[in-house]
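Colleague: This one is target16.pdb, PDB, C-alpha atoms and all ligand atoms.
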ATOM      1  CA  MET U   1     -29.769  22.201 -35.104
ATOM      2  CA  THR U   2     -26.838  24.585 -34.606
ATOM      3  CA  THR U   3     -27.632  28.206 -35.565
ATOM      4  CA  GLY U   4     -26.098  29.156 -38.912
ATOM      5  CA  TYR U   5     -25.898  25.518 -40.038
ATOM      6  CA  PHE U   6     -25.096  24.993 -43.735
ATOM      7  CA  PHE U   7     -24.856  21.600 -45.500
ATOM      8  CA  SER U   8     -21.388  21.713 -47.040
ATOM      9  CA  HIS U   9     -20.762  18.188 -48.359
ATOM     10  CA  ARG U  10     -19.983  17.898 -52.056
ATOM     11  CA  HIS U  11     -20.043  14.076 -51.906
ATOM     12  CA  ILE U  12     -21.755  11.518 -49.654
ATOM     13  CA  LEU U  13     -19.014   8.953 -49.130
ATOM     14  CA  ASP U  14     -19.718   7.711 -45.609
ATOM     15  CA  ILE U  15     -21.515   8.426 -42.341
ATOM     16  CA  GLU U  16     -18.192   8.796 -40.542
ATOM     17  CA  HIS U  17     -17.704  12.341 -41.824
ATOM     18  CA  LEU U  18     -21.291  13.515 -41.253
ATOM     19  CA  SER U  19     -21.955  15.508 -38.089
ATOM     20  CA  ALA U  20     -25.117  15.143 -35.988
ATOM     21  CA  ASP U  21     -26.344  18.402 -37.595
ATOM     22  CA  ASP U  22     -25.693  16.965 -41.086
ATOM     23  CA  ILE U  23     -27.645  13.801 -40.264
ATOM     24  CA  ASP U  24     -30.492  15.798 -38.744
ATOM     25  CA  HIS U  25     -30.607  18.065 -41.821
ATOM     26  CA  ILE U  26     -30.620  15.132 -44.284
ATOM     27  CA  LEU U  27     -33.399  13.365 -42.350
ATOM     28  CA  THR U  28     -35.486  16.534 -42.057
ATOM     29  CA  THR U  29     -35.078  17.130 -45.802
ATOM     30  CA  ALA U  30     -36.060  13.504 -46.501
ATOM     31  CA  GLU U  31     -39.120  13.806 -44.260
ATOM     32  CA  SER U  32     -40.237  16.845 -46.258
ATOM     33  CA  PHE U  33     -39.822  14.940 -49.549
ATOM     34  CA  LYS U  34     -41.625  11.785 -48.404
ATOM     35  CA  GLU U  35     -45.101  13.017 -49.256
ATOM     36  CA  ILE U  36     -44.143  13.471 -52.931
ATOM     37  CA  SER U  37     -44.096   9.676 -53.270
ATOM     38  CA  ALA U  38     -47.678   9.507 -51.944
ATOM     39  CA  ARG U  39     -49.088  11.959 -54.518
ATOM     40  CA  PRO U  40     -51.099  10.772 -57.536
ATOM     41  CA  ILE U  41     -48.499  12.505 -59.755
ATOM     42  CA  LYS U  42     -45.166  11.674 -58.142
ATOM     43  CA  LYS U  43     -42.969  14.234 -59.825
ATOM     44  CA  VAL U  44     -41.475  17.624 -58.965
ATOM     45  CA  PRO U  45     -39.192  19.713 -61.206
ATOM     46  CA  THR U  46     -36.464  20.216 -58.575
ATOM     47  CA  LEU U  47     -33.592  18.456 -60.410
ATOM     48  CA  ARG U  48     -34.728  19.124 -63.991
ATOM     49  CA  GLY U  49     -31.691  19.331 -66.267
ATOM     50  CA  ASN U  50     -29.471  17.260 -63.954
ATOM     51  CA  THR U  51     -27.811  14.084 -65.245
ATOM     52  CA  ILE U  52     -27.404  11.210 -62.798
ATOM     53  CA  ILE U  53     -25.413   8.023 -63.511
ATOM     54  CA  ASN U  54     -26.081   4.835 -61.515
ATOM     55  CA  LEU U  55     -22.808   2.879 -61.700
ATOM     56  CA  PHE U  56     -23.395  -0.475 -60.023
ATOM     57  CA  PHE U  57     -20.599  -3.063 -60.014
ATOM     58  CA  GLU U  58     -22.427  -5.314 -57.539
ATOM     59  CA  PRO U  59     -26.009  -6.628 -57.582
ATOM     60  CA  SER U  60     -28.724  -4.490 -56.024
ATOM     61  CA  THR U  61     -32.515  -4.356 -55.943
ATOM     62  CA  ARG U  62     -33.426  -1.731 -53.335
ATOM     63  CA  THR U  63     -30.558   0.757 -53.550
ATOM     64  CA  ARG U  64     -30.332   0.979 -57.309
ATOM     65  CA  LEU U  65     -34.070   1.131 -57.891
ATOM     66  CA  SER U  66     -34.693   3.660 -55.149
ATOM     67  CA  PHE U  67     -31.908   5.969 -56.363
ATOM     68  CA  GLU U  68     -33.425   5.772 -59.846
ATOM     69  CA  ILE U  69     -36.968   6.368 -58.569
ATOM     70  CA  ALA U  70     -35.707   9.252 -56.400
ATOM     71  CA  ALA U  71     -33.976  10.872 -59.392
ATOM     72  CA  LYS U  72     -36.980  10.435 -61.686
ATOM     73  CA  ARG U  73     -39.404  11.801 -59.085
ATOM     74  CA  MET U  74     -37.232  14.925 -59.039
ATOM     75  CA  SER U  75     -37.191  15.104 -62.872
ATOM     76  CA  ALA U  76     -33.478  14.323 -63.309
ATOM     77  CA  ASP U  77     -32.260  12.306 -66.292
ATOM     78  CA  THR U  78     -30.906   8.934 -65.101
ATOM     79  CA  PHE U  79     -28.693   6.361 -66.769
ATOM     80  CA  ASN U  80     -27.717   2.931 -65.468
ATOM     81  CA  ILE U  81     -24.453   1.085 -65.994
ATOM     82  CA  SER U  82     -23.814  -2.340 -64.474
ATOM     83  CA  ALA U  83     -20.559  -4.279 -64.322
ATOM     84  CA  SER U  84     -21.683  -6.820 -66.922
ATOM     85  CA  THR U  85     -22.596  -4.144 -69.481
ATOM     86  CA  SER U  86     -19.636  -1.806 -68.890
ATOM     87  CA  SER U  87     -16.234  -1.829 -70.566
ATOM     88  CA  THR U  88     -14.627  -2.943 -67.296
ATOM     89  CA  THR U  89     -15.357  -6.446 -68.673
ATOM     90  CA  LYS U  90     -12.823  -5.562 -71.415
ATOM     91  CA  GLY U  91     -10.171  -4.544 -68.879
ATOM     92  CA  GLU U  92     -10.891  -0.833 -68.434
ATOM     93  CA  THR U  93      -9.997   0.411 -64.959
ATOM     94  CA  LEU U  94     -12.478   2.109 -62.658
ATOM     95  CA  ILE U  95     -10.481   5.354 -62.938
ATOM     96  CA  ASP U  96     -10.549   5.270 -66.753
ATOM     97  CA  THR U  97     -14.273   4.480 -66.636
ATOM     98  CA  ALA U  98     -14.746   7.415 -64.254
ATOM     99  CA  ARG U  99     -12.748   9.820 -66.437
ATOM    100  CA  ASN U 100     -14.756   8.841 -69.515
ATOM    101  CA  ILE U 101     -18.064   9.217 -67.702
ATOM    102  CA  SER U 102     -16.861  12.559 -66.339
ATOM    103  CA  ALA U 103     -16.120  13.729 -69.907
ATOM    104  CA  MET U 104     -19.886  13.475 -70.559
ATOM    105  CA  ASN U 105     -20.466  15.985 -67.744
ATOM    106  CA  PRO U 106     -22.892  14.244 -65.359
ATOM    107  CA  ASP U 107     -23.946  16.053 -62.191
ATOM    108  CA  ILE U 108     -24.032  13.048 -59.853
ATOM    109  CA  ILE U 109     -22.454   9.590 -59.995
ATOM    110  CA  ILE U 110     -23.864   6.932 -57.665
ATOM    111  CA  LEU U 111     -21.381   4.083 -57.196
ATOM    112  CA  ARG U 112     -21.677   0.597 -55.730
ATOM    113  CA  HIS U 113     -18.432  -1.366 -55.788
ATOM    114  CA  SER U 114     -16.891  -4.382 -54.053
ATOM    115  CA  PHE U 115     -13.705  -2.405 -53.311
ATOM    116  CA  SER U 116     -13.844  -0.536 -49.990
ATOM    117  CA  GLY U 117     -12.841   3.036 -50.797
ATOM    118  CA  ALA U 118     -13.884   2.992 -54.480
ATOM    119  CA  PRO U 119     -16.281   6.009 -54.135
ATOM    120  CA  HIS U 120     -13.570   8.016 -52.316
ATOM    121  CA  MET U 121     -11.163   7.255 -55.147
ATOM    122  CA  LEU U 122     -13.759   8.079 -57.812
ATOM    123  CA  SER U 123     -14.500  11.443 -56.170
ATOM    124  CA  GLN U 124     -10.912  12.503 -56.844
ATOM    125  CA  TYR U 125     -11.191  11.896 -60.605
ATOM    126  CA  VAL U 126     -14.569  13.373 -61.529
ATOM    127  CA  ASN U 127     -16.244  16.762 -61.399
ATOM    128  CA  ALA U 128     -19.600  15.233 -60.461
ATOM    129  CA  ALA U 129     -20.827  14.750 -56.911
ATOM    130  CA  VAL U 130     -20.278  11.119 -55.854
ATOM    131  CA  ILE U 131     -22.674   9.164 -53.649
ATOM    132  CA  ASN U 132     -21.534   5.872 -52.143
ATOM    133  CA  ALA U 133     -24.200   3.197 -52.689
ATOM    134  CA  GLY U 134     -22.179   0.608 -50.757
ATOM    135  CA  ASP U 135     -18.417  -0.026 -50.984
ATOM    136  CA  GLY U 136     -17.083  -3.440 -50.048
ATOM    137  CA  THR U 137     -17.262  -3.973 -46.310
ATOM    138  CA  HIS U 138     -16.735  -0.279 -45.559
ATOM    139  CA  GLU U 139     -19.991   1.748 -45.512
ATOM    140  CA  HIS U 140     -23.462   2.092 -47.017
ATOM    141  CA  PRO U 141     -24.337   5.646 -45.944
ATOM    142  CA  SER U 142     -27.733   5.991 -47.627
ATOM    143  CA  GLN U 143     -28.847   2.746 -45.915
ATOM    144  CA  GLY U 144     -27.639   4.050 -42.550
ATOM    145  CA  LEU U 145     -29.595   7.263 -43.128
ATOM    146  CA  LEU U 146     -32.803   5.487 -44.142
ATOM    147  CA  ASP U 147     -32.465   3.255 -41.073
ATOM    148  CA  MET U 148     -32.157   6.352 -38.870
ATOM    149  CA  MET U 149     -35.111   7.984 -40.640
ATOM    150  CA  THR U 150     -37.233   4.880 -39.971
ATOM    151  CA  VAL U 151     -36.286   4.762 -36.291
ATOM    152  CA  ARG U 152     -36.877   8.525 -35.873
ATOM    153  CA  GLU U 153     -40.282   8.190 -37.560
ATOM    154  CA  HIS U 154     -41.392   5.499 -35.110
ATOM    155  CA  LYS U 155     -39.543   6.511 -31.913
ATOM    156  CA  LYS U 156     -39.655  10.312 -32.423
ATOM    157  CA  ARG U 157     -35.998  10.544 -31.416
ATOM    158  CA  LEU U 158     -32.572   9.108 -32.187
ATOM    159  CA  ASN U 159     -30.954   9.515 -28.768
ATOM    160  CA  ASN U 160     -31.118   7.286 -25.692
ATOM    161  CA  LEU U 161     -32.190   4.198 -27.618
ATOM    162  CA  LYS U 162     -30.802   0.685 -27.264
ATOM    163  CA  ILE U 163     -30.018  -0.615 -30.741
ATOM    164  CA  ALA U 164     -29.187  -4.346 -30.960
ATOM    165  CA  ILE U 165     -27.388  -5.416 -34.145
ATOM    166  CA  ILE U 166     -27.215  -9.178 -34.649
ATOM    167  CA  GLY U 167     -25.168 -11.232 -37.106
ATOM    168  CA  ASP U 168     -22.330 -10.677 -39.548
ATOM    169  CA  ILE U 169     -20.973  -7.328 -38.366
ATOM    170  CA  LEU U 170     -17.538  -7.916 -39.908
ATOM    171  CA  HIS U 171     -18.661  -7.903 -43.547
ATOM    172  CA  SER U 172     -21.678  -5.620 -43.181
ATOM    173  CA  ARG U 173     -21.218  -2.116 -44.585
ATOM    174  CA  VAL U 174     -24.771  -1.450 -43.334
ATOM    175  CA  ALA U 175     -23.739  -2.298 -39.762
ATOM    176  CA  HIS U 176     -20.726  -0.006 -40.007
ATOM    177  CA  SER U 177     -22.846   2.945 -41.207
ATOM    178  CA  ASP U 178     -25.572   2.230 -38.634
ATOM    179  CA  ILE U 179     -23.093   1.952 -35.769
ATOM    180  CA  LEU U 180     -21.438   5.274 -36.627
ATOM    181  CA  GLY U 181     -24.749   7.031 -37.253
ATOM    182  CA  PHE U 182     -26.689   5.880 -34.202
ATOM    183  CA  LEU U 183     -23.694   6.481 -31.901
ATOM    184  CA  ARG U 184     -23.320   9.994 -33.313
ATOM    185  CA  MET U 185     -26.990  10.703 -32.603
ATOM    186  CA  GLY U 186     -26.639   9.592 -28.965
ATOM    187  CA  SER U 187     -27.929   6.014 -28.904
ATOM    188  CA  GLU U 188     -26.249   2.882 -27.556
ATOM    189  CA  ILE U 189     -25.221  -0.057 -29.741
ATOM    190  CA  PHE U 190     -25.118  -3.681 -28.601
ATOM    191  CA  VAL U 191     -23.820  -6.287 -31.068
ATOM    192  CA  TYR U 192     -23.934 -10.072 -31.015
ATOM    193  CA  GLY U 193     -22.683 -12.594 -33.543
ATOM    194  CA  PRO U 194     -20.115 -15.332 -34.067
ATOM    195  CA  GLY U 195     -16.680 -14.292 -32.797
ATOM    196  CA  THR U 196     -15.296 -14.731 -36.311
ATOM    197  CA  LEU U 197     -17.793 -12.128 -37.602
ATOM    198  CA  ILE U 198     -17.186  -9.397 -34.993
ATOM    199  CA  PRO U 199     -14.526  -6.914 -36.165
ATOM    200  CA  PRO U 200     -11.871  -5.537 -33.812
ATOM    201  CA  GLY U 201     -12.125  -1.955 -32.593
ATOM    202  CA  LEU U 202     -15.852  -1.874 -31.737
ATOM    203  CA  LYS U 203     -15.323  -1.451 -27.979
ATOM    204  CA  GLU U 204     -13.065   1.537 -28.669
ATOM    205  CA  LEU U 205     -15.976   3.133 -30.563
ATOM    206  CA  GLY U 206     -18.227   2.659 -27.519
ATOM    207  CA  VAL U 207     -20.112  -0.405 -28.807
ATOM    208  CA  THR U 208     -21.027  -3.165 -26.314
ATOM    209  CA  VAL U 209     -19.972  -6.547 -27.718
ATOM    210  CA  CYS U 210     -22.288  -9.124 -26.119
ATOM    211  CA  SER U 211     -21.513 -12.735 -25.292
ATOM    212  CA  ASN U 212     -25.093 -13.961 -25.704
ATOM    213  CA  MET U 213     -28.298 -13.052 -27.546
ATOM    214  CA  LYS U 214     -30.259 -12.115 -24.415
ATOM    215  CA  GLU U 215     -27.669  -9.533 -23.316
ATOM    216  CA  ALA U 216     -27.905  -7.885 -26.751
ATOM    217  CA  VAL U 217     -31.684  -7.953 -27.218
ATOM    218  CA  GLN U 218     -33.026  -7.522 -23.658
ATOM    219  CA  ASP U 219     -35.047  -4.267 -23.478
ATOM    220  CA  ALA U 220     -33.789  -3.154 -26.906
ATOM    221  CA  ASP U 221     -35.742  -0.430 -28.743
ATOM    222  CA  VAL U 222     -34.533  -1.717 -32.099
ATOM    223  CA  VAL U 223     -33.441  -5.205 -33.188
ATOM    224  CA  MET U 224     -31.505  -5.050 -36.433
ATOM    225  CA  THR U 225     -30.673  -8.340 -38.131
ATOM    226  CA  LEU U 226     -28.061  -8.771 -40.852
ATOM    227  CA  ARG U 227     -27.572 -11.150 -43.740
ATOM    228  CA  ILE U 228     -24.605 -13.500 -43.699
ATOM    229  CA  GLN U 229     -22.439 -12.140 -46.521
ATOM    230  CA  LYS U 230     -21.222 -15.419 -47.984
ATOM    231  CA  GLU U 231     -19.908 -13.576 -51.054
ATOM    232  CA  ARG U 232     -17.342 -11.785 -48.888
ATOM    233  CA  GLN U 233     -15.988 -14.915 -47.147
ATOM    234  CA  ASP U 234     -13.047 -16.544 -48.918
ATOM    235  CA  ASP U 235     -12.857 -19.255 -46.245
ATOM    236  CA  PRO U 236     -15.986 -20.372 -44.398
ATOM    237  CA  LEU U 237     -16.223 -18.538 -41.069
ATOM    238  CA  LEU U 238     -19.215 -20.597 -39.889
ATOM    239  CA  PRO U 239     -19.769 -24.328 -39.383
ATOM    240  CA  SER U 240     -23.108 -24.329 -41.273
ATOM    241  CA  LEU U 241     -26.076 -22.044 -41.914
ATOM    242  CA  ARG U 242     -28.363 -24.460 -40.028
ATOM    243  CA  GLU U 243     -26.225 -24.161 -36.902
ATOM    244  CA  TYR U 244     -25.940 -20.404 -37.401
ATOM    245  CA  ALA U 245     -29.730 -20.096 -37.513
ATOM    246  CA  ALA U 246     -30.089 -22.114 -34.311
ATOM    247  CA  VAL U 247     -27.732 -19.853 -32.335
ATOM    248  CA  TYR U 248     -27.890 -16.434 -34.025
ATOM    249  CA  GLY U 249     -31.281 -16.442 -35.776
ATOM    250  CA  VAL U 250     -33.838 -13.940 -34.459
ATOM    251  CA  THR U 251     -36.936 -15.946 -33.534
ATOM    252  CA  ALA U 252     -40.215 -14.770 -31.977
ATOM    253  CA  GLN U 253     -38.847 -15.808 -28.592
ATOM    254  CA  VAL U 254     -35.703 -13.720 -29.084
ATOM    255  CA  ALA U 255     -37.800 -10.744 -30.233
ATOM    256  CA  SER U 256     -39.946 -11.069 -27.073
ATOM    257  CA  TRP U 257     -36.893 -10.168 -24.926
ATOM    258  CA  ALA U 258     -36.849  -6.691 -26.512
ATOM    259  CA  ARG U 259     -39.191  -3.905 -25.446
ATOM    260  CA  PRO U 260     -42.846  -4.595 -26.385
ATOM    261  CA  ASP U 261     -42.695  -1.659 -28.834
ATOM    262  CA  ALA U 262     -39.311  -2.627 -30.284
ATOM    263  CA  LEU U 263     -38.773  -2.261 -34.019
ATOM    264  CA  ILE U 264     -37.585  -5.260 -36.047
ATOM    265  CA  MET U 265     -35.363  -4.124 -38.903
ATOM    266  CA  HIS U 266     -33.347  -5.682 -41.726
ATOM    267  CA  PRO U 267     -31.640  -3.906 -44.658
ATOM    268  CA  GLY U 268     -32.546  -6.689 -47.091
ATOM    269  CA  PRO U 269     -32.161  -8.984 -48.848
ATOM    270  CA  ILE U 270     -33.364 -11.339 -46.084
ATOM    271  CA  ASN U 271     -32.291 -14.959 -45.873
ATOM    272  CA  ARG U 272     -35.573 -16.085 -44.334
ATOM    273  CA  GLY U 273     -35.164 -18.802 -41.715
ATOM    274  CA  ILE U 274     -31.455 -18.061 -41.232
ATOM    275  CA  GLU U 275     -30.801 -14.664 -39.624
ATOM    276  CA  LEU U 276     -34.505 -13.807 -39.268
ATOM    277  CA  MET U 277     -37.528 -16.098 -38.955
ATOM    278  CA  PRO U 278     -40.443 -15.381 -41.336
ATOM    279  CA  ASP U 279     -43.017 -14.788 -38.561
ATOM    280  CA  VAL U 280     -40.781 -12.049 -37.102
ATOM    281  CA  ALA U 281     -39.911 -10.547 -40.504
ATOM    282  CA  ASP U 282     -43.623 -10.302 -41.327
ATOM    283  CA  GLY U 283     -44.854  -9.580 -37.765
ATOM    284  CA  SER U 284     -46.507  -6.459 -36.390
ATOM    285  CA  GLN U 285     -43.222  -5.016 -35.065
ATOM    286  CA  SER U 286     -41.419  -5.329 -38.385
ATOM    287  CA  VAL U 287     -40.642  -2.015 -40.148
ATOM    288  CA  ILE U 288     -38.617  -3.612 -42.941
ATOM    289  CA  LEU U 289     -40.840  -2.286 -45.718
ATOM    290  CA  ASP U 290     -40.931   1.152 -44.057
ATOM    291  CA  GLN U 291     -37.145   1.120 -44.446
ATOM    292  CA  VAL U 292     -37.585   0.544 -48.181
ATOM    293  CA  THR U 293     -40.188   3.329 -48.487
ATOM    294  CA  ASN U 294     -37.946   5.739 -46.590
ATOM    295  CA  GLY U 295     -35.040   4.790 -48.854
ATOM    296  CA  VAL U 296     -36.641   6.744 -51.702
ATOM    297  CA  ALA U 297     -37.111   9.859 -49.529
ATOM    298  CA  VAL U 298     -33.562   9.722 -48.148
ATOM    299  CA  ARG U 299     -32.130   9.347 -51.639
ATOM    300  CA  MET U 300     -34.224  12.246 -52.918
ATOM    301  CA  ALA U 301     -32.770  14.336 -50.087
ATOM    302  CA  LEU U 302     -29.196  13.288 -50.886
ATOM    303  CA  LEU U 303     -29.571  14.077 -54.596
ATOM    304  CA  TYR U 304     -31.095  17.447 -53.701
ATOM    305  CA  LEU U 305     -28.400  18.373 -51.191
ATOM    306  CA  VAL U 306     -25.309  17.348 -53.203
ATOM    307  CA  THR U 307     -26.497  19.460 -56.122
ATOM    308  CA  GLY U 308     -26.013  22.496 -53.883
ATOM    309  CA  ASN U 309     -29.513  22.963 -52.540
ATOM    310  CA  ASN U 310     -29.971  23.690 -48.843
TER     311      ASN U 310
HETATM  312  N1  LIG H 401     -30.095  -2.891 -48.563
HETATM  313  C1  LIG H 401     -29.497  -3.005 -49.780
HETATM  314  O1  LIG H 401     -28.418  -2.438 -50.016
HETATM  315  O2  LIG H 401     -30.188  -3.777 -50.660
HETATM  316  P1  LIG H 401     -29.747  -4.009 -52.177
HETATM  317  O3  LIG H 401     -28.472  -4.816 -52.156
HETATM  318  O4  LIG H 401     -30.889  -4.747 -52.824
HETATM  319  O5  LIG H 401     -29.505  -2.672 -52.800
END
Show the structure stored in the file as structure tokens.
Ligand code: CP
Modeller:
Amino acid sequence: MTTGYFFSHRHILDIEHLSADDIDHILTTAESFKEISARPIKKVPTLRGNTIINLFFEPSTRTRLSFEIAAKRMSADTFNISASTSSTTKGETLIDTARNISAMNPDIIILRHSFSGAPHMLSQYVNAAVINAGDGTHEHPSQGLLDMMTVREHKKRLNNLKIAIIGDILHSRVAHSDILGFLRMGSEIFVYGPGTLIPPGLKELGVTVCSNMKEAVQDADVVMTLRIQKERQDDPLLPSLREYAAVYGVTAQVASWARPDALIMHPGPINRGIELMPDVADGSQSVILDQVTNGVAVRMALLYLVTGNN
């Protein structure tokens, strides 16, 4: 890490604006917090007196629960609002919701929203620190960070790795955060998926867009599979899920093309038998549940750092 480094981010809105030193500092902080979750009494007083609002306008299991667990393990007070129970159902705008929440003086607002850019907008209307828990097809920075933490834990480095990302890159905010993060840390990204689900501009970022599965996965250190995001497709971009699975699904044979010590990853939720076959998801190279475990540590680190701790 650069001498004199200081973590200066008020909000965590994306990976794009995090430097390699920022990422290294967040992961090192998360690594130091991880053991708290293994203690018999999983609680430290670090964020006592802080108020944290989970504002989730899209469904979530892992992200919402792990932010709440992270906050509670650090003794913060947490409150959850979902779209169906908020006054947005009565026509209130996100900005009005934000202003009203801000009037109650929370310290951190964690936002998941279908609109790309919603956390950036929110951050301009509230005094609290804002953490993006996934915005539309834009970014999911805490997922990108927990993915990097998991790879660093197993590979002991984040540079000079071949990362293969397979599937729906276009709609995946996880893929966008992972691509930016792993490139920034000095690894190479190879993507493969249906042409309709590969966004423009990847080559300009330095990503290799592959024309077949073997080119993407051969000798990879990490094979990351992604869910087809049917909820973000107005018109079908695929002939059928059965055909998708036959061409783009990661089977044991596909996984065997990667390095023998390659990691199999998936951000969840998995569509078993479509983008990832069950024997691979549950196999010895899978670190999918390690990703979930590390999600709590990364989110503890983010809550700690945005409240001004270094
Ligand atoms: N990986 C992820 O964002 O999962 P959830 O949608 O369950 O939060």
Colleague: If you take every atom of ligand LIG 401 (chain H) that the file lists and fit an axis-aligned box around them with 4 Å extra on each side, what centre and edge lengths come out in Å to one decimal, as lines of an AutoDock Vina configuration file?
Modeller:
center_x = -29.7
center_y = -3.6
center_z = -50.7
size_x = 10.5
size_y = 10.4
size_z = 12.3
Colleague: Give one line per residue of chain U that approaches ligand LIG 401 (chain H) to at most 10 Å, naming the two atoms of the closest pair and their distance in Å to one decimal, counting all atoms listed in the file; sort by chain then ascending residue number and deliver it as a tab-separated table.
Modeller:
residue	atom	partner	partner_atom	distance
U:Phe56	CA	H:LIG401	O5	9.7
U:Glu58	CA	H:LIG401	O3	8.1
U:Pro59	CA	H:LIG401	O3	6.2
U:Ser60	CA	H:LIG401	O5	3.8
U:Thr61	CA	H:LIG401	O4	3.5
U:Arg62	CA	H:LIG401	O4	4.0
U:Thr63	CA	H:LIG401	O5	3.7
U:Arg64	CA	H:LIG401	O5	5.9
U:Leu65	CA	H:LIG401	O5	7.8
U:Ser66	CA	H:LIG401	O5	8.5
U:Phe67	CA	H:LIG401	O5	9.7
U:Arg112	CA	H:LIG401	O5	9.0
U:Ala133	CA	H:LIG401	O1	7.5
U:Gly134	CA	H:LIG401	O1	7.0
U:His140	CA	H:LIG401	O1	7.4
U:Pro141	CA	H:LIG401	O1	9.9
U:Ser142	CA	H:LIG401	O1	8.8
U:Gln143	CA	H:LIG401	N1	6.4
U:Gly144	CA	H:LIG401	N1	9.5
U:Leu146	CA	H:LIG401	N1	9.9
U:Asp147	CA	H:LIG401	N1	10.0
U:Arg173	CA	H:LIG401	O1	9.0
U:Val174	CA	H:LIG401	N1	7.6
U:Leu226	CA	H:LIG401	N1	9.9
U:Arg227	CA	H:LIG401	N1	9.9
U:His266	CA	H:LIG401	N1	8.1
U:Pro267	CA	H:LIG401	N1	4.3
U:Gly268	CA	H:LIG401	N1	4.8
U:Pro269	CA	H:LIG401	O2	5.9
U:Ile270	CA	H:LIG401	N1	9.4
U:Gln291	CA	H:LIG401	N1	9.1
U:Val292	CA	H:LIG401	N1	8.2
U:Gly295	CA	H:LIG401	N1	9.1
Colleague: Taking the file as I've supplied it (selection: the PyMOL selection byres (((chain U and resi 139) around 8) and not hetatm)), which residues are included? Please answer as a list in words.
Modeller: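 Selected by the PyMOL selection byres (((chain U and resi 139) around 8) and not hetatm) here: Asp14, Ile15, Ser116, Asn132, Gly134, Asp135, Gly136, Thr137, His138, His140, Pro141, Ser172, Arg173, Val174, Ala175, His176 and Ser177 of chain U.
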Colleague: For the file shown, what are the residues hit by the PyMOL selection byres (((chain U and resi 262) around 12) and not hetatm), laid out as number ranges by chain?
Modeller: U: 151, 154-155, 161-164, 217-224, 254-261, 263-265, 280, 283-287
Colleague: For atom CA of U:Asn105 and atom CA of U:Ser123, quote the distance in Å rounded to one decimal.
Modeller: 13.8 Å
Colleague: For U:Arg152, which residue out of U:Ala297, U:Val191, U:Leu27, U:Leu302 is the nearest one, using only C-alpha atoms?
Modeller: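 For U:Arg152, the nearest of the candidates is U:Leu27.
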Colleague: Please list as number ranges by chain every residue within 9 Å of U:His120, counting all atoms listed in the file and excluding residues in the same chain fewer than 5 positions away.
Modeller: U: 11, 13, 130, 132
Colleague: Applied to this file, what does the PyMOL selection byres (((chain U and resi 53) around 8) and not hetatm) return in terms of residues, put as a PyMOL selection string?
Modeller: chain U and resi 51-52+54-55+78-81+106+108-110
Colleague: Atom CA of U:Ile198 and atom CA of U:Glu215 are how many Å apart?
Modeller: 15.7 Å
Colleague: What's the separation between atom CA of U:Ala103 and atom CA of U:Thr85, in Å to one decimal place?
Modeller: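 Atom-to-atom, atom CA of U:Ala103 and atom CA of U:Thr85 are spaced 19.0 Å apart.
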Colleague: Can you tell me which residues surround U:Val296 at a distance of at most 7 Å, considering all atoms listed in the file, apart from same-chain residues fewer than 3 positions away, and format the answer as a PyMOL selection string?
Modeller: chain U and resi 66-67+69-70+293+299-300
Colleague: From the options U:Leu183, U:Leu276, U:Thr225, U:Phe190, which residue's atoms come nearest to U:Leu205, counting all atoms listed in the file?
Modeller: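 Selected residue with least distance to U:Leu205: U:Leu183.
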